[in-house]
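Quick look at work_37.cif (mmCIF, C-alpha atoms and all ligand atoms):
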```cif
data_work
loop_
_atom_site.label_atom_id
_atom_site.label_comp_id
_atom_site.auth_asym_id
_atom_site.auth_seq_id
_atom_site.Cartn_x
_atom_site.Cartn_y
_atom_site.Cartn_z
CA MET K 1 7.04 4.19 2.92
CA LYS K 2 7.67 7.48 4.64
CA VAL K 3 4.97 9.54 6.38
CA ASP K 4 4.68 12.04 3.52
CA GLU K 5 4.13 9.20 1.07
CA ALA K 6 1.45 7.76 3.33
CA GLU K 7 -0.25 11.14 3.51
CA ARG K 8 -0.47 11.30 -0.28
CA LEU K 9 -2.35 8.01 -0.49
CA LYS K 10 -5.92 8.22 -1.69
CA LYS K 11 -8.70 5.78 -1.05
CA GLY K 12 -8.40 2.95 -3.55
CA ASP K 13 -4.64 3.32 -4.01
CA GLU K 14 -2.76 0.10 -3.65
CA VAL K 15 0.00 -0.59 -1.16
CA PHE K 16 2.30 -3.58 -0.79
CA PHE K 17 2.73 -5.47 2.47
CA ALA K 18 4.34 -8.81 3.25
CA GLY K 19 4.23 -10.11 -0.28
CA ALA K 20 0.74 -9.00 -1.27
CA TYR K 21 -1.14 -5.99 -2.62
CA TYR K 22 -3.85 -4.29 -0.57
CA ASP K 23 -6.20 -1.36 -1.03
CA PHE K 24 -5.52 1.70 1.09
CA ALA K 25 -8.40 2.66 3.37
CA GLU K 26 -7.44 5.58 5.61
CA LEU K 27 -4.78 7.04 7.87
CA LYS K 28 -5.01 7.06 11.61
CA TYR K 29 -2.98 9.53 13.66
CA LEU K 30 -1.91 7.99 16.94
CA PRO K 31 0.45 9.32 19.64
CA HIS K 32 3.23 7.00 18.48
CA GLY K 33 2.88 7.76 14.80
CA VAL K 34 0.88 7.57 11.64
CA MET K 35 -0.83 4.26 10.98
CA VAL K 36 -1.93 3.20 7.53
CA GLY K 37 -5.24 1.39 7.27
CA ILE K 38 -5.57 -1.30 4.63
CA TYR K 39 -8.44 -3.57 3.67
CA ASP K 40 -6.92 -6.89 4.65
CA ASP K 41 -9.78 -9.24 4.00
CA LYS K 42 -11.81 -8.55 0.87
CA PRO K 43 -14.72 -8.44 0.37
CA THR K 44 -15.35 -7.51 4.00
CA ASN K 45 -14.52 -3.95 4.96
CA HIS K 46 -12.28 -4.95 7.83
CA ILE K 47 -9.34 -2.56 8.13
CA ASP K 48 -5.94 -3.40 9.58
CA TYR K 49 -3.73 -0.54 10.74
CA LEU K 50 -0.02 -0.89 10.09
CA ASN K 51 3.05 1.21 10.63
CA HIS K 52 3.82 3.14 7.45
CA GLU K 53 7.42 1.91 7.62
CA ASN K 54 6.23 -1.63 6.96
CA LEU K 55 4.39 -0.75 3.75
CA SER K 56 5.64 -0.03 0.26
CA SER K 57 4.21 2.28 -2.37
CA VAL K 58 3.01 0.62 -5.55
CA TYR K 59 3.94 1.89 -9.00
CA PRO K 60 2.49 0.94 -12.37
CA CYS K 61 4.81 -1.01 -14.64
CA ASN K 62 5.45 1.45 -17.46
CA ARG K 63 7.07 -0.94 -19.90
CA CYS K 64 4.89 -3.89 -19.13
CA GLN K 65 5.12 -6.98 -21.30
CA GLY K 66 2.27 -8.84 -19.62
CA GLY K 67 2.57 -12.35 -18.23
CA GLY K 68 6.23 -12.74 -19.07
CA CYS K 69 7.24 -9.30 -17.80
CA LEU K 70 10.51 -9.47 -15.90
CA ASP K 71 9.93 -6.13 -14.18
CA CYS K 72 6.62 -6.86 -12.50
CA GLY K 73 6.03 -10.60 -12.90
CA GLY K 74 2.89 -9.91 -14.91
CA PHE K 75 1.06 -7.92 -12.24
CA GLY K 76 1.30 -4.68 -14.22
CA LYS K 77 2.61 -2.97 -11.09
CA TYR K 78 5.43 -3.35 -8.62
CA PRO K 79 6.28 -2.28 -5.07
CA ALA K 80 8.96 0.29 -4.26
CA ASN K 81 12.06 -1.49 -2.91
ZN ZN E 1 5.42 -5.37 -16.19
#
```
What would you get if you wrote out this structure as structure tokens?
Amino acid sequence: MKVDEAERLKKGDEVFFAGAYYDFAELKYLPHGVMVGIYDDKPTNHIDYLNHENLSSVYPCNRCQGGGCLDCGGFGKYPAN
């Protein structure tokens, strides 16, 4: 995702990274760019900070057909790209 997308994330929003969904935690502004914090290890509150470019936004599946849904695979949501 782009920086402006990352800046619109709210706590509890989901993001997609490396084949899995994670909860967004917070942004961290570092000299080399904006890092996106995700809870990587539920139920602990450990946060991993990743480059926003490596994450995808998550959208709800609007025409969801449940377990057999071809759009989202039954998750009820899908990652951008
Ligand atoms: Zn669906």
- Task: Set the cut-off to 12 Å, count only C-alpha atoms and all ligand atoms, and list whatever residues fall near ligand ZN 1 (chain E) as a PyMOL selection string.
- Result: chain K and resi 59-79
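We find CA of Ser56 in chain K and CA of Gly37 in chain K to be spaced 13.0 Å apart.
The spacing separating CA of Val15 in chain K from CA of His32 in chain K amounts to 21.3 Å.
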- Item | For Leu50 in chain K, the nearest of the candidates K:Leu30, K:Met35, K:Arg8, K:Ala20, counting only C-alpha atoms |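 Of K:Leu30, K:Met35, K:Arg8, K:Ala20, the one nearest Leu50 in chain K is K:Met35, counting only C-alpha atoms.
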- Would you mind reading off the distance between CA of Ser57 in chain K and CA of Gly33 in chain K, one decimal, in Å? 18.1 Å
- For Tyr29 in chain K, the nearest of the candidates K:Val3, K:Phe16, K:Ile47, K:Leu55, counting all atoms listed in the file: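 Counting all atoms listed in the file, the residue closest to Tyr29 in chain K is K:Val3.
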- Task: Go through K:Val58, K:Tyr49, K:Ala80, K:Thr44 and flag the residue nearest Asp13 in chain K, using only C-alpha atoms for the distances.
- Result: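 Using only C-alpha atoms, Asp13 in chain K sits closest to K:Val58.
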- Would you list the contacts of Lys10 in chain K as a list in words, taking every protein, DNA or RNA residue within 12 Å and counting all atoms listed in the file, but skipping same-chain residues closer than 2 positions in sequence?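 That gives Glu5, Ala6, Glu7, Arg8, Gly12, Asp13, Glu14, Val15, Asp23, Phe24, Ala25, Glu26, Leu27, Val36, Gly37, Ile38 and Ser57 of chain K.
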Would you fill the gaps in range 54-77 of chain K so it has N, CA and C atoms, then print it as a PDB file, in the coordinates of the input?
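The new file selection_28.pdb reads:
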```
ATOM      1  N   ASN K  54       6.318  -0.233   7.375  1.00  0.00           N
ATOM      2  CA  ASN K  54       6.230  -1.630   6.960  1.00  0.00           C
ATOM      3  C   ASN K  54       5.558  -1.807   5.597  1.00  0.00           C
ATOM      4  N   LEU K  55       5.097  -0.695   5.026  1.00  0.00           N
ATOM      5  CA  LEU K  55       4.390  -0.750   3.750  1.00  0.00           C
ATOM      6  C   LEU K  55       5.236  -0.155   2.640  1.00  0.00           C
ATOM      7  N   SER K  56       4.983  -0.597   1.429  1.00  0.00           N
ATOM      8  CA  SER K  56       5.640  -0.030   0.260  1.00  0.00           C
ATOM      9  C   SER K  56       4.621   0.591  -0.668  1.00  0.00           C
ATOM     10  N   SER K  57       5.036   1.698  -1.315  1.00  0.00           N
ATOM     11  CA  SER K  57       4.210   2.280  -2.370  1.00  0.00           C
ATOM     12  C   SER K  57       4.185   1.333  -3.554  1.00  0.00           C
ATOM     13  N   VAL K  58       3.142   1.453  -4.358  1.00  0.00           N
ATOM     14  CA  VAL K  58       3.010   0.620  -5.550  1.00  0.00           C
ATOM     15  C   VAL K  58       3.019   1.513  -6.784  1.00  0.00           C
ATOM     16  N   TYR K  59       3.826   1.127  -7.753  1.00  0.00           N
ATOM     17  CA  TYR K  59       3.940   1.890  -9.000  1.00  0.00           C
ATOM     18  C   TYR K  59       3.459   1.049 -10.170  1.00  0.00           C
ATOM     19  N   PRO K  60       2.856   1.692 -11.160  1.00  0.00           N
ATOM     20  CA  PRO K  60       2.490   0.940 -12.370  1.00  0.00           C
ATOM     21  C   PRO K  60       3.739   0.563 -13.148  1.00  0.00           C
ATOM     22  N   CYS K  61       3.696  -0.572 -13.811  1.00  0.00           N
ATOM     23  CA  CYS K  61       4.810  -1.010 -14.640  1.00  0.00           C
ATOM     24  C   CYS K  61       4.683  -0.326 -15.996  1.00  0.00           C
ATOM     25  N   ASN K  62       5.599   0.599 -16.278  1.00  0.00           N
ATOM     26  CA  ASN K  62       5.450   1.450 -17.460  1.00  0.00           C
ATOM     27  C   ASN K  62       5.839   0.763 -18.765  1.00  0.00           C
ATOM     28  N   ARG K  63       6.655  -0.251 -18.675  1.00  0.00           N
ATOM     29  CA  ARG K  63       7.070  -0.940 -19.900  1.00  0.00           C
ATOM     30  C   ARG K  63       6.603  -2.384 -19.852  1.00  0.00           C
ATOM     31  N   CYS K  64       5.354  -2.548 -19.433  1.00  0.00           N
ATOM     32  CA  CYS K  64       4.890  -3.890 -19.130  1.00  0.00           C
ATOM     33  C   CYS K  64       4.770  -4.767 -20.372  1.00  0.00           C
ATOM     34  N   GLN K  65       5.218  -6.000 -20.222  1.00  0.00           N
ATOM     35  CA  GLN K  65       5.120  -6.980 -21.300  1.00  0.00           C
ATOM     36  C   GLN K  65       4.180  -8.119 -20.924  1.00  0.00           C
ATOM     37  N   GLY K  66       3.293  -7.848 -19.969  1.00  0.00           N
ATOM     38  CA  GLY K  66       2.270  -8.840 -19.620  1.00  0.00           C
ATOM     39  C   GLY K  66       2.815 -10.001 -18.812  1.00  0.00           C
ATOM     40  N   GLY K  67       2.273 -11.180 -19.058  1.00  0.00           N
ATOM     41  CA  GLY K  67       2.570 -12.350 -18.230  1.00  0.00           C
ATOM     42  C   GLY K  67       4.031 -12.690 -18.110  1.00  0.00           C
ATOM     43  N   GLY K  68       4.816 -12.398 -19.138  1.00  0.00           N
ATOM     44  CA  GLY K  68       6.230 -12.740 -19.070  1.00  0.00           C
ATOM     45  C   GLY K  68       7.109 -11.585 -18.636  1.00  0.00           C
ATOM     46  N   CYS K  69       6.481 -10.508 -18.127  1.00  0.00           N
ATOM     47  CA  CYS K  69       7.240  -9.300 -17.800  1.00  0.00           C
ATOM     48  C   CYS K  69       8.224  -9.574 -16.664  1.00  0.00           C
ATOM     49  N   LEU K  70       9.481  -9.233 -16.909  1.00  0.00           N
ATOM     50  CA  LEU K  70      10.510  -9.470 -15.900  1.00  0.00           C
ATOM     51  C   LEU K  70      10.494  -8.385 -14.826  1.00  0.00           C
ATOM     52  N   ASP K  71       9.935  -7.227 -15.150  1.00  0.00           N
ATOM     53  CA  ASP K  71       9.930  -6.130 -14.180  1.00  0.00           C
ATOM     54  C   ASP K  71       8.892  -6.343 -13.085  1.00  0.00           C
ATOM     55  N   CYS K  72       7.717  -6.823 -13.477  1.00  0.00           N
ATOM     56  CA  CYS K  72       6.620  -6.860 -12.500  1.00  0.00           C
ATOM     57  C   CYS K  72       6.036  -8.262 -12.303  1.00  0.00           C
ATOM     58  N   GLY K  73       6.556  -9.237 -13.045  1.00  0.00           N
ATOM     59  CA  GLY K  73       6.030 -10.600 -12.900  1.00  0.00           C
ATOM     60  C   GLY K  73       4.641 -10.773 -13.471  1.00  0.00           C
ATOM     61  N   GLY K  74       4.192  -9.794 -14.270  1.00  0.00           N
ATOM     62  CA  GLY K  74       2.890  -9.910 -14.910  1.00  0.00           C
ATOM     63  C   GLY K  74       1.765  -9.237 -14.138  1.00  0.00           C
ATOM     64  N   PHE K  75       2.092  -8.606 -13.019  1.00  0.00           N
ATOM     65  CA  PHE K  75       1.060  -7.920 -12.240  1.00  0.00           C
ATOM     66  C   PHE K  75       0.680  -6.563 -12.842  1.00  0.00           C
ATOM     67  N   GLY K  76       1.554  -6.005 -13.651  1.00  0.00           N
ATOM     68  CA  GLY K  76       1.300  -4.680 -14.220  1.00  0.00           C
ATOM     69  C   GLY K  76       1.640  -3.572 -13.244  1.00  0.00           C
ATOM     70  N   LYS K  77       2.261  -3.916 -12.148  1.00  0.00           N
ATOM     71  CA  LYS K  77       2.610  -2.970 -11.090  1.00  0.00           C
ATOM     72  C   LYS K  77       3.704  -3.613 -10.251  1.00  0.00           C
TER      73      LYS K  77
END
```
